[in-house]
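Trainee: Next comes run_20.cif, mmCIF, C-alpha atoms and all ligand atoms:
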data_input
loop_
_atom_site.label_atom_id
_atom_site.label_comp_id
_atom_site.auth_asym_id
_atom_site.auth_seq_id
_atom_site.Cartn_x
_atom_site.Cartn_y
_atom_site.Cartn_z
CA MET A 1 136.76 71.24 62.96
CA ARG A 2 136.96 73.15 66.21
CA ILE A 3 137.18 76.93 65.80
CA ASP A 4 140.09 77.74 68.13
CA ARG A 5 140.74 81.35 67.16
CA ILE A 6 139.64 84.03 64.72
CA GLU A 7 141.96 86.88 63.79
CA LEU A 8 141.09 90.17 62.16
CA ARG A 9 143.75 92.22 60.45
CA GLU A 10 143.44 95.45 58.51
CA VAL A 11 146.16 96.23 55.99
CA ALA A 12 146.70 99.44 54.03
CA MET A 13 147.13 98.99 50.29
CA ARG A 14 147.27 101.69 47.64
CA LEU A 15 145.86 101.04 44.17
CA LYS A 16 148.12 102.04 41.27
CA PHE A 17 145.39 104.38 40.04
CA PRO A 18 142.21 105.87 41.48
CA PHE A 19 139.19 103.72 40.61
CA ARG A 20 136.10 105.81 39.85
CA THR A 21 132.57 104.46 39.74
CA SER A 22 129.17 106.18 39.73
CA PHE A 23 129.22 106.18 43.55
CA GLY A 24 132.72 107.48 44.23
CA VAL A 25 136.42 107.09 43.83
CA GLU A 26 138.86 104.94 45.78
CA GLN A 27 142.60 104.52 45.79
CA ASP A 28 143.66 103.81 49.37
CA ARG A 29 142.22 100.44 50.17
CA ARG A 30 141.69 99.24 53.70
CA VAL A 31 141.81 95.49 53.24
CA LEU A 32 140.32 93.35 56.01
CA LEU A 33 141.89 89.90 56.23
CA VAL A 34 140.18 87.22 58.30
CA SER A 35 141.91 84.10 59.60
CA VAL A 36 140.19 81.12 61.17
CA PHE A 37 142.37 78.68 63.13
CA SER A 38 141.83 75.04 64.01
CA GLY A 39 144.38 72.59 65.39
CA GLY A 40 147.35 74.65 64.24
CA LEU A 41 145.95 75.16 60.73
CA GLU A 42 144.92 78.52 59.36
CA GLY A 43 142.34 79.46 56.72
CA VAL A 44 142.42 82.97 55.27
CA SER A 45 140.00 85.18 53.43
CA GLU A 46 139.49 88.81 52.53
CA CYS A 47 136.35 90.73 53.43
CA THR A 48 134.96 92.50 50.36
CA ALA A 49 133.49 95.44 52.27
CA GLY A 50 134.77 98.81 51.12
CA GLU A 51 135.97 101.86 53.00
CA PHE A 52 132.80 103.80 52.17
CA PRO A 53 129.20 102.46 52.11
CA GLY A 54 128.73 103.24 48.40
CA TYR A 55 128.47 99.77 46.90
CA SER A 56 126.89 98.19 49.97
CA TYR A 57 125.89 99.50 53.39
CA GLU A 58 128.70 97.37 54.80
CA THR A 59 132.13 98.88 55.37
CA VAL A 60 135.42 97.59 56.75
CA ASP A 61 134.39 99.00 60.12
CA THR A 62 130.91 97.46 60.25
CA ALA A 63 132.36 94.11 59.19
CA TRP A 64 135.01 94.28 61.90
CA HIS A 65 132.35 95.16 64.47
CA VAL A 66 129.98 92.39 63.41
CA ILE A 67 132.66 89.70 63.25
CA ALA A 68 134.33 90.66 66.54
CA ASN A 69 131.14 91.18 68.56
CA PHE A 70 128.60 88.77 67.10
CA VAL A 71 130.02 86.24 64.62
CA ALA A 72 133.19 85.17 66.45
CA PRO A 73 131.47 84.74 69.86
CA LEU A 74 128.91 82.40 68.25
CA LEU A 75 131.58 80.22 66.64
CA LEU A 76 134.57 80.11 68.98
CA GLY A 77 135.20 76.80 70.69
CA LYS A 78 132.55 74.98 68.63
CA ASN A 79 132.95 72.23 66.03
CA TYR A 80 131.76 72.38 62.43
CA ASP A 81 132.07 69.75 59.74
CA SER A 82 130.91 71.99 56.93
CA ALA A 83 130.31 75.59 55.92
CA ALA A 84 126.59 74.79 55.99
CA GLU A 85 126.80 73.95 59.71
CA LEU A 86 128.76 77.10 60.43
CA LEU A 87 126.24 79.22 58.52
CA HIS A 88 123.39 77.62 60.45
CA GLU A 89 124.98 78.88 63.66
CA LEU A 90 124.94 82.38 62.18
CA ARG A 91 121.32 82.24 60.95
CA TYR A 92 120.13 85.04 63.25
CA VAL A 93 122.80 87.45 62.07
CA ARG A 94 120.63 89.33 59.63
CA GLY A 95 122.36 90.81 56.59
CA HIS A 96 126.02 91.81 56.98
CA ASN A 97 126.75 89.22 54.31
CA MET A 98 130.28 90.47 53.66
CA ALA A 99 131.19 90.06 57.32
CA VAL A 100 129.71 86.55 57.50
CA ALA A 101 131.19 85.61 54.11
CA ALA A 102 134.70 86.56 55.21
CA VAL A 103 134.52 84.05 58.07
CA GLU A 104 132.75 81.41 55.98
CA MET A 105 135.36 81.67 53.22
CA ALA A 106 138.25 81.45 55.65
CA PHE A 107 136.56 78.29 56.98
CA TRP A 108 136.45 76.79 53.45
CA ASP A 109 140.15 77.53 53.02
CA LEU A 110 140.87 76.00 56.42
CA GLN A 111 138.86 72.87 55.65
CA ALA A 112 140.46 72.41 52.23
CA ARG A 113 143.92 72.77 53.80
CA ALA A 114 143.02 70.24 56.49
CA LEU A 115 141.94 67.79 53.79
CA GLY A 116 145.00 68.62 51.68
CA VAL A 117 142.89 69.46 48.63
CA PRO A 118 142.61 72.62 46.55
CA LEU A 119 139.59 74.77 47.30
CA TRP A 120 138.12 74.40 43.80
CA GLN A 121 137.84 70.66 44.40
CA LEU A 122 136.05 71.06 47.74
CA LEU A 123 133.68 73.55 46.09
CA GLY A 124 132.84 71.05 43.34
CA GLY A 125 134.46 72.90 40.47
CA ARG A 126 136.46 71.63 37.56
CA LEU A 127 140.03 72.82 37.07
CA ARG A 128 140.27 74.96 33.95
CA PRO A 129 141.79 78.25 32.87
CA ILE A 130 139.52 81.12 34.01
CA ALA A 131 138.65 83.64 31.31
CA VAL A 132 138.86 87.18 32.64
CA GLY A 133 138.20 90.73 31.54
CA ILE A 134 138.86 94.15 33.00
CA SER A 135 136.64 96.65 34.74
CA LEU A 136 137.57 100.15 33.59
CA GLY A 137 136.72 102.97 35.97
CA ILE A 138 135.33 106.30 34.79
CA GLN A 139 138.17 108.25 33.13
CA GLU A 140 138.85 111.94 32.58
CA SER A 141 138.19 111.75 28.86
CA VAL A 142 136.76 109.56 26.12
CA GLU A 143 140.23 109.46 24.51
CA GLU A 144 141.82 108.00 27.65
CA THR A 145 139.02 105.46 27.88
CA VAL A 146 139.60 104.31 24.31
CA GLU A 147 143.35 104.17 24.89
CA LEU A 148 142.99 102.01 28.01
CA ALA A 149 140.43 99.77 26.34
CA ARG A 150 142.73 99.25 23.34
CA HIS A 151 145.72 98.56 25.59
CA ASN A 152 143.87 95.96 27.62
CA ALA A 153 142.27 94.33 24.58
CA ALA A 154 145.78 94.02 23.12
CA LEU A 155 146.87 92.23 26.32
CA GLY A 156 144.26 89.60 25.49
CA TYR A 157 141.59 90.38 28.09
CA ARG A 158 138.38 88.65 27.08
CA ARG A 159 135.97 91.42 27.96
CA ILE A 160 136.06 95.15 28.62
CA LYS A 161 133.60 96.57 31.15
CA LEU A 162 133.15 100.33 31.23
CA LYS A 163 131.80 102.02 34.32
CA ILE A 164 129.03 104.41 33.32
CA ALA A 165 126.89 107.09 34.98
CA PRO A 166 124.45 109.69 33.65
CA GLY A 167 126.57 112.04 31.53
CA TRP A 168 129.18 109.32 30.91
CA ASP A 169 127.50 106.59 28.92
CA VAL A 170 126.69 106.64 25.21
CA GLU A 171 129.77 108.66 24.20
CA PRO A 172 132.49 106.48 25.77
CA VAL A 173 130.64 103.31 24.77
CA ALA A 174 130.29 104.45 21.15
CA ALA A 175 133.97 105.41 21.00
CA VAL A 176 135.24 102.13 22.48
CA ARG A 177 132.94 100.13 20.24
CA ALA A 178 134.20 102.00 17.18
CA ALA A 179 137.82 101.32 18.20
CA LEU A 180 137.22 97.66 19.10
CA PRO A 181 134.36 96.35 16.95
CA HIS A 182 134.70 92.72 18.07
CA ILE A 183 135.61 92.88 21.77
CA GLU A 184 133.10 91.57 24.31
CA LEU A 185 131.95 94.91 25.72
CA THR A 186 129.78 95.57 28.78
CA VAL A 187 128.85 98.52 31.00
CA ASP A 188 128.28 98.80 34.75
CA ALA A 189 126.16 101.64 36.16
CA ASN A 190 126.34 100.66 39.83
CA SER A 191 122.72 101.75 40.33
CA ALA A 192 123.12 105.26 38.87
CA TYR A 193 119.94 105.30 36.74
CA ARG A 194 116.19 105.36 37.26
CA LEU A 195 113.45 103.67 35.28
CA THR A 196 112.64 107.03 33.66
CA ASP A 197 116.13 106.85 32.07
CA ALA A 198 114.98 103.88 29.95
CA PRO A 199 115.16 105.87 26.68
CA ARG A 200 118.80 106.75 27.35
CA LEU A 201 119.69 103.17 28.26
CA ARG A 202 117.87 101.96 25.12
CA GLU A 203 120.40 103.96 23.10
CA LEU A 204 123.01 101.45 24.30
CA ASP A 205 121.21 98.65 22.46
CA GLU A 206 122.97 99.50 19.20
CA PHE A 207 126.46 98.72 20.52
CA GLY A 208 126.06 94.97 20.89
CA LEU A 209 126.87 94.94 24.60
CA ALA A 210 126.97 91.53 26.29
CA TYR A 211 124.98 93.09 29.15
CA ILE A 212 124.25 96.27 31.10
CA GLU A 213 125.22 95.69 34.72
CA GLN A 214 123.05 96.97 37.58
CA PRO A 215 121.48 100.04 35.95
CA LEU A 216 118.88 100.63 38.69
CA ALA A 217 118.66 100.76 42.47
CA PHE A 218 120.75 98.42 44.63
CA ASP A 219 117.63 97.05 46.36
CA ASP A 220 115.40 96.77 43.30
CA LEU A 221 114.16 93.88 41.17
CA ILE A 222 110.76 95.19 40.04
CA ASP A 223 111.94 98.21 38.04
CA HIS A 224 114.74 96.14 36.55
CA ALA A 225 112.10 93.73 35.17
CA GLU A 226 110.24 96.65 33.64
CA LEU A 227 113.48 97.99 32.13
CA GLN A 228 114.58 94.59 30.84
CA ALA A 229 111.29 94.32 28.93
CA GLN A 230 112.19 97.57 27.14
CA LEU A 231 115.80 96.62 26.27
CA ASP A 232 117.26 94.22 23.73
CA THR A 233 120.50 94.09 25.74
CA ALA A 234 120.54 91.69 28.70
CA ILE A 235 120.64 93.17 32.19
CA CYS A 236 123.23 91.66 34.55
CA LEU A 237 122.29 91.94 38.22
CA ASP A 238 125.04 92.72 40.74
CA GLU A 239 124.01 94.80 43.81
CA SER A 240 120.41 93.49 43.76
CA ILE A 241 121.32 89.85 44.35
CA HIS A 242 122.06 89.06 48.01
CA SER A 243 120.98 85.42 48.14
CA PRO A 244 119.89 82.39 46.13
CA ASP A 245 116.30 83.51 46.78
CA ASP A 246 117.02 86.89 45.20
CA ALA A 247 118.42 85.05 42.18
CA ARG A 248 115.25 82.94 41.92
CA LYS A 249 113.02 86.00 42.20
CA GLY A 250 115.08 88.22 39.91
CA LEU A 251 115.47 85.69 37.13
CA GLY A 252 111.87 84.55 37.69
CA ILE A 253 110.38 87.96 36.99
CA GLY A 254 112.84 88.79 34.22
CA ALA A 255 114.73 91.48 36.12
CA GLY A 256 117.87 90.36 34.30
CA ARG A 257 119.33 87.52 32.28
CA VAL A 258 122.85 87.34 33.76
CA ILE A 259 124.18 87.41 37.33
CA ASN A 260 127.47 88.79 38.61
CA VAL A 261 128.30 86.49 41.53
CA LYS A 262 130.32 88.05 44.32
CA THR A 263 130.88 85.74 47.24
CA GLY A 264 130.97 88.57 49.78
CA ARG A 265 127.67 90.08 48.65
CA VAL A 266 125.78 86.76 48.84
CA ARG A 267 127.22 85.45 52.17
CA GLY A 268 130.11 83.28 51.03
CA HIS A 269 131.08 80.36 48.82
CA LEU A 270 128.13 78.13 49.68
CA ALA A 271 125.60 80.84 48.82
CA ALA A 272 127.59 81.72 45.68
CA ARG A 273 127.36 78.09 44.61
CA MET A 274 123.60 78.14 45.24
CA VAL A 275 123.16 81.36 43.23
CA HIS A 276 125.13 79.64 40.47
CA ASP A 277 122.80 76.60 40.69
CA VAL A 278 119.65 78.75 40.54
CA ALA A 279 121.02 80.64 37.53
CA LYS A 280 121.82 77.34 35.84
CA ALA A 281 118.23 76.18 36.32
CA PHE A 282 117.09 79.36 34.54
CA GLY A 283 119.70 78.94 31.79
CA ALA A 284 121.32 82.21 32.89
CA PRO A 285 125.12 82.55 32.67
CA VAL A 286 127.05 83.85 35.66
CA TRP A 287 130.51 85.33 36.14
CA CYS A 288 132.61 86.22 39.14
CA GLY A 289 132.76 89.90 40.02
CA GLY A 290 135.66 91.64 41.66
CA MET A 291 135.94 94.14 44.50
CA LEU A 292 139.47 95.43 43.95
CA GLU A 293 140.83 92.54 45.99
CA SER A 294 144.33 91.71 47.10
CA GLY A 295 145.69 88.30 46.15
CA VAL A 296 143.79 86.68 49.01
CA GLY A 297 140.35 87.65 47.68
CA ARG A 298 141.52 87.23 44.08
CA ALA A 299 142.44 83.59 44.76
CA HIS A 300 139.01 82.90 46.32
CA CYS A 301 137.41 84.42 43.18
CA LEU A 302 139.38 82.08 40.91
CA HIS A 303 138.38 78.98 42.87
CA ILE A 304 134.63 79.68 42.80
CA SER A 305 134.94 80.52 39.09
CA THR A 306 135.73 76.87 38.36
CA LEU A 307 132.04 75.92 38.78
CA GLU A 308 130.67 75.06 35.35
CA GLY A 309 128.07 77.83 35.15
CA PHE A 310 130.72 80.56 35.30
CA THR A 311 130.80 80.84 31.52
CA LEU A 312 131.32 84.59 31.06
CA PRO A 313 134.70 86.28 31.66
CA GLY A 314 135.10 87.40 35.28
CA ASP A 315 136.67 90.51 36.83
CA THR A 316 139.79 88.73 38.16
CA SER A 317 142.34 90.56 36.04
CA SER A 318 146.06 90.56 36.86
CA ALA A 319 146.99 91.54 40.41
CA SER A 320 149.70 93.77 38.89
CA ARG A 321 146.98 95.89 37.23
CA TYR A 322 146.07 97.09 40.70
CA TRP A 323 149.08 96.66 42.95
CA ASN A 324 152.74 97.49 42.84
CA GLU A 325 153.23 94.69 45.32
CA ASP A 326 150.60 92.12 46.23
CA ILE A 327 150.43 90.51 49.68
CA VAL A 328 150.64 86.91 48.46
CA GLU A 329 153.72 85.11 47.14
CA GLU A 330 152.02 83.67 44.07
CA PRO A 331 151.68 86.00 41.07
CA LEU A 332 148.04 86.04 40.01
CA GLU A 333 148.61 87.24 36.48
CA ALA A 334 146.37 86.79 33.46
CA GLU A 335 148.01 85.61 30.29
CA ASN A 336 146.16 86.13 27.06
CA GLY A 337 143.00 86.78 29.06
CA VAL A 338 143.06 83.72 31.28
CA GLN A 339 144.10 83.21 34.88
CA SER A 340 145.34 79.91 36.24
CA VAL A 341 143.76 78.70 39.46
CA PRO A 342 146.46 78.51 42.15
CA THR A 343 147.44 74.93 42.97
CA GLY A 344 148.16 73.53 46.41
CA PRO A 345 145.84 73.00 49.38
CA GLY A 346 143.10 75.54 50.06
CA THR A 347 143.30 78.74 48.04
CA GLY A 348 146.88 77.83 47.18
CA VAL A 349 148.19 81.27 48.05
CA THR A 350 150.62 82.17 50.84
CA LEU A 351 150.73 85.49 52.66
CA LYS A 352 153.95 87.49 52.55
CA ARG A 353 154.09 87.62 56.34
CA GLY A 354 156.74 90.33 56.64
CA LEU A 355 155.01 92.68 54.22
CA VAL A 356 151.61 92.05 55.79
CA GLU A 357 153.05 92.82 59.23
CA ARG A 358 154.55 96.10 57.97
CA ILE A 359 151.32 97.38 56.42
CA THR A 360 149.01 96.23 59.22
CA THR A 361 147.08 99.12 60.76
CA ARG A 362 145.12 97.09 63.32
CA HIS A 363 144.93 93.54 64.50
CA GLN A 364 142.65 91.66 66.87
CA ALA A 365 142.78 88.03 67.97
CA LEU A 366 139.56 86.47 69.26
CA ALA A 367 139.78 83.22 71.17
CA GLY A 368 137.13 81.11 72.92
O1 LIG B 401 130.36 96.88 40.63
O2 LIG B 401 131.69 95.34 40.07
C1 LIG B 401 131.46 96.38 40.70
C2 LIG B 401 134.72 97.58 42.32
C3 LIG B 401 134.24 98.04 43.52
C4 LIG B 401 132.89 97.99 43.79
C5 LIG B 401 132.02 97.49 42.83
C6 LIG B 401 132.49 97.00 41.62
C7 LIG B 401 133.86 97.09 41.37
C8 LIG B 401 134.47 96.67 40.11
C9 LIG B 401 135.92 96.30 40.14
O3 LIG B 401 133.88 96.68 39.04
C10 LIG B 401 136.18 94.96 39.61
C11 LIG B 401 137.57 94.51 39.90
O4 LIG B 401 137.88 94.14 41.07
O5 LIG B 401 138.38 94.50 38.98
MG MG B 402 129.06 95.75 39.32
#
Once more with this new file: its structure as structure tokens, please.
Ligand code: OSB
Ligand code: MG
Mentor:
Amino acid sequence: MRIDRIELREVAMRLKFPFRTSFGVEQDRRVLLVSVFSGGLEGVSECTAGEFPGYSYETVDTAWHVIANFVAPLLLGKNYDSAAELLHELRYVRGHNMAVAAVEMAFWDLQARALGVPLWQLLGGRLRPIAVGISLGIQESVEETVELARHNAALGYRRIKLKIAPGWDVEPVAAVRAALPHIELTVDANSAYRLTDAPRLRELDEFGLAYIEQPLAFDDLIDHAELQAQLDTAICLDESIHSPDDARKGLGIGAGRVINVKTGRVRGHLAARMVHDVAKAFGAPVWCGGMLESGVGRAHCLHISTLEGFTLPGDTSSASRYWNEDIVEEPLEAENGVQSVPTGPGTGVTLKRGLVERITTRHQALAG
């Protein structure tokens, strides 16, 4: 497929509630949509970079810069038969995985639409309902946390993940566990702890958590291995895994026993599939993480989640949890804790063009 044009578009979307993690709080999302065009067809994706470099060093602005100035010029006017070929062209673009992934994922959507098949099929998945849970940001009080956990458990969500940080860990976890003795419960520290906090993290062992997500530094595997040896609870790696090689090394040294796969963080769908394959070889379950996406990113998450190794509930909760109005026509709503994968060619979702136009804050078309 010849890459005729690449378009970048930033849209302003406001979350229904502020989302607080150990690294900050966000409510006004700057969502970067990427379109890749070939022969009159369009593939669309959403870049998972945030507004602030708290989860990753990448931001909406660095991704825009890298795509416009380096990625697009390498691809425009050239022909690619597969995502692998396109990625090979980009092999000297070091890092900036979220920027590269956005283009790669739009290419997958484009290719699936050209073939007239749903994306999950092109990715090699199997169509099935996708079990999902919720990620609960840090709240003002333990009582509110318990209330929200109860509410979401009652909606049927298959797992509750609590964001934790030093000073906000054992108490909320103990309270939610007491209120919901049987729910699949997990925590996510987003790198807020150090190895010397091992005694504190060991206190979490008594709550039967499915895993503790990314307790230590975003660029670490070694200390995680040391910590994992001291914990009964499995560690799930998120920020530390940027590639299939990281997955091999991390699982190989016992830095964790579960991986949160985020396509943006690992460089796209192909890399996500490879991380999934590596994890499978180690017998480690994976699940699909979320990055507070609009319906565009949410749909991509659902398609990759159809690969057989995605056995734990993912983060792709209902779009209406986050947005008063989503930017795609199709409602991506969980029912009794499962999401249906959108049908139709590609991601199966359609942009609400008028709405997108109204909330666009910048737009750039790149043509070869
Ligand atoms: O660590 O999984 C994370 C949101 C922003 C940045 C990092 C993370 C998250 C979430 C939200 O946990 C998950 C979701 O989209 O529901
Ligand atoms: Mg995480």
Trainee: Using all atoms listed in the file, find each residue with an atom at most 7 Å away from ligand LIG 401 (chain B) and format the answer as a PDB file with C-alpha atoms, in the coordinates of the input.
Mentor:
ATOM      1  CA  TYR A  55     128.470  99.770  46.900  1.00  0.00           C
ATOM      2  CA  ILE A 134     138.860  94.150  33.000  1.00  0.00           C
ATOM      3  CA  SER A 135     136.640  96.650  34.740  1.00  0.00           C
ATOM      4  CA  ASP A 188     128.280  98.800  34.750  1.00  0.00           C
ATOM      5  CA  ASN A 190     126.340 100.660  39.830  1.00  0.00           C
ATOM      6  CA  ASP A 238     125.040  92.720  40.740  1.00  0.00           C
ATOM      7  CA  GLY A 289     132.760  89.900  40.020  1.00  0.00           C
ATOM      8  CA  GLY A 290     135.660  91.640  41.660  1.00  0.00           C
ATOM      9  CA  MET A 291     135.940  94.140  44.500  1.00  0.00           C
ATOM     10  CA  LEU A 292     139.470  95.430  43.950  1.00  0.00           C
ATOM     11  CA  GLU A 293     140.830  92.540  45.990  1.00  0.00           C
ATOM     12  CA  ASP A 315     136.670  90.510  36.830  1.00  0.00           C
ATOM     13  CA  THR A 316     139.790  88.730  38.160  1.00  0.00           C
ATOM     14  CA  SER A 317     142.340  90.560  36.040  1.00  0.00           C
TER      15      SER A 317
END
Trainee: Listing only residues of range 301-353 of chain A within 12 Å of range 138-157 of chain A, what is the closest atom pair and its distance in Å (to one decimal) for each, using all atoms listed in the file, sorted by chain and residue number ascending, as JSON lines?
Mentor:
{"residue": "A:Pro313", "atom": "CA", "partner": "A:Tyr157", "partner_atom": "CA", "distance": 8.8}
{"residue": "A:Gly314", "atom": "CA", "partner": "A:Tyr157", "partner_atom": "CA", "distance": 10.1}
{"residue": "A:Asp315", "atom": "CA", "partner": "A:Tyr157", "partner_atom": "CA", "distance": 10.0}
{"residue": "A:Thr316", "atom": "CA", "partner": "A:Tyr157", "partner_atom": "CA", "distance": 10.4}
{"residue": "A:Ser317", "atom": "CA", "partner": "A:Tyr157", "partner_atom": "CA", "distance": 8.0}
{"residue": "A:Ser318", "atom": "CA", "partner": "A:Tyr157", "partner_atom": "CA", "distance": 9.8}
{"residue": "A:Arg321", "atom": "CA", "partner": "A:Asn152", "partner_atom": "CA", "distance": 10.1}
{"residue": "A:Glu333", "atom": "CA", "partner": "A:Tyr157", "partner_atom": "CA", "distance": 11.4}
{"residue": "A:Ala334", "atom": "CA", "partner": "A:Tyr157", "partner_atom": "CA", "distance": 8.0}
{"residue": "A:Glu335", "atom": "CA", "partner": "A:Gly156", "partner_atom": "CA", "distance": 7.3}
{"residue": "A:Asn336", "atom": "CA", "partner": "A:Gly156", "partner_atom": "CA", "distance": 4.3}
{"residue": "A:Gly337", "atom": "CA", "partner": "A:Tyr157", "partner_atom": "CA", "distance": 4.0}
{"residue": "A:Val338", "atom": "CA", "partner": "A:Tyr157", "partner_atom": "CA", "distance": 7.5}
{"residue": "A:Gln339", "atom": "CA", "partner": "A:Tyr157", "partner_atom": "CA", "distance": 10.2}
Trainee: Do you know which residues are at most 7 Å from Thr311 in chain A counting only C-alpha atoms, after dropping those on the same chain fewer than 2 positions away, and could you put them as an NGL selection string?
Mentor: :A and (285-287 or 308-309 or 313)
Trainee: What do you get as a VMD selection string if you pick all residues at most 12 Å from ligand MG 402 (chain B), counting only C-alpha atoms and all ligand atoms?
Mentor: chain A and resid 21 to 23 54 to 56 134 to 137 161 to 164 186 to 192 211 to 218 235 to 241 258 to 262 265 287 to 292 314 to 315
Trainee: So which residues are close to (135.2, 96.2, 56.6), meaning at most 9 Å away in the file's coordinates with all atoms listed in the file counted, and can you show them as a list of chain:residue names?
Mentor: A:Glu10, A:Arg30, A:Val31, A:Leu32, A:Cys47, A:Thr48, A:Ala49, A:Gly50, A:Glu51, A:Glu58, A:Thr59, A:Val60, A:Asp61, A:Thr62, A:Ala63, A:Trp64, A:His65, A:Met98, A:Ala99
Trainee: To one decimal in Å, tell me the separation between CA of Leu90 in chain A and CA of Ala247 in chain A.
Mentor: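 Those two atoms sit 21.2 Å apart.
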Trainee: Report, in Å to a single decimal, how far apart CA of Val296 in chain A and CA of Trp323 in chain A are.
Mentor: 12.8 Å
Trainee: Rank nothing, just name the residue among A:Gly297, A:Leu366, A:Arg353, A:Gly344 nearest to Gly116 in chain A, using only C-alpha atoms.
Mentor: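 Once distances to Gly116 in chain A are computed over only C-alpha atoms, the minimum belongs to A:Gly344.
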Trainee: Let me make sure I understand: among A:Ala299, A:Val66, A:Pro53, A:Val71, which one has the smallest atom-to-atom distance to Arg91 in chain A if we use all atoms listed in the file?
Mentor: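 Looking only at the distances to Arg91 in chain A, the closest residue turns out to be A:Val71.
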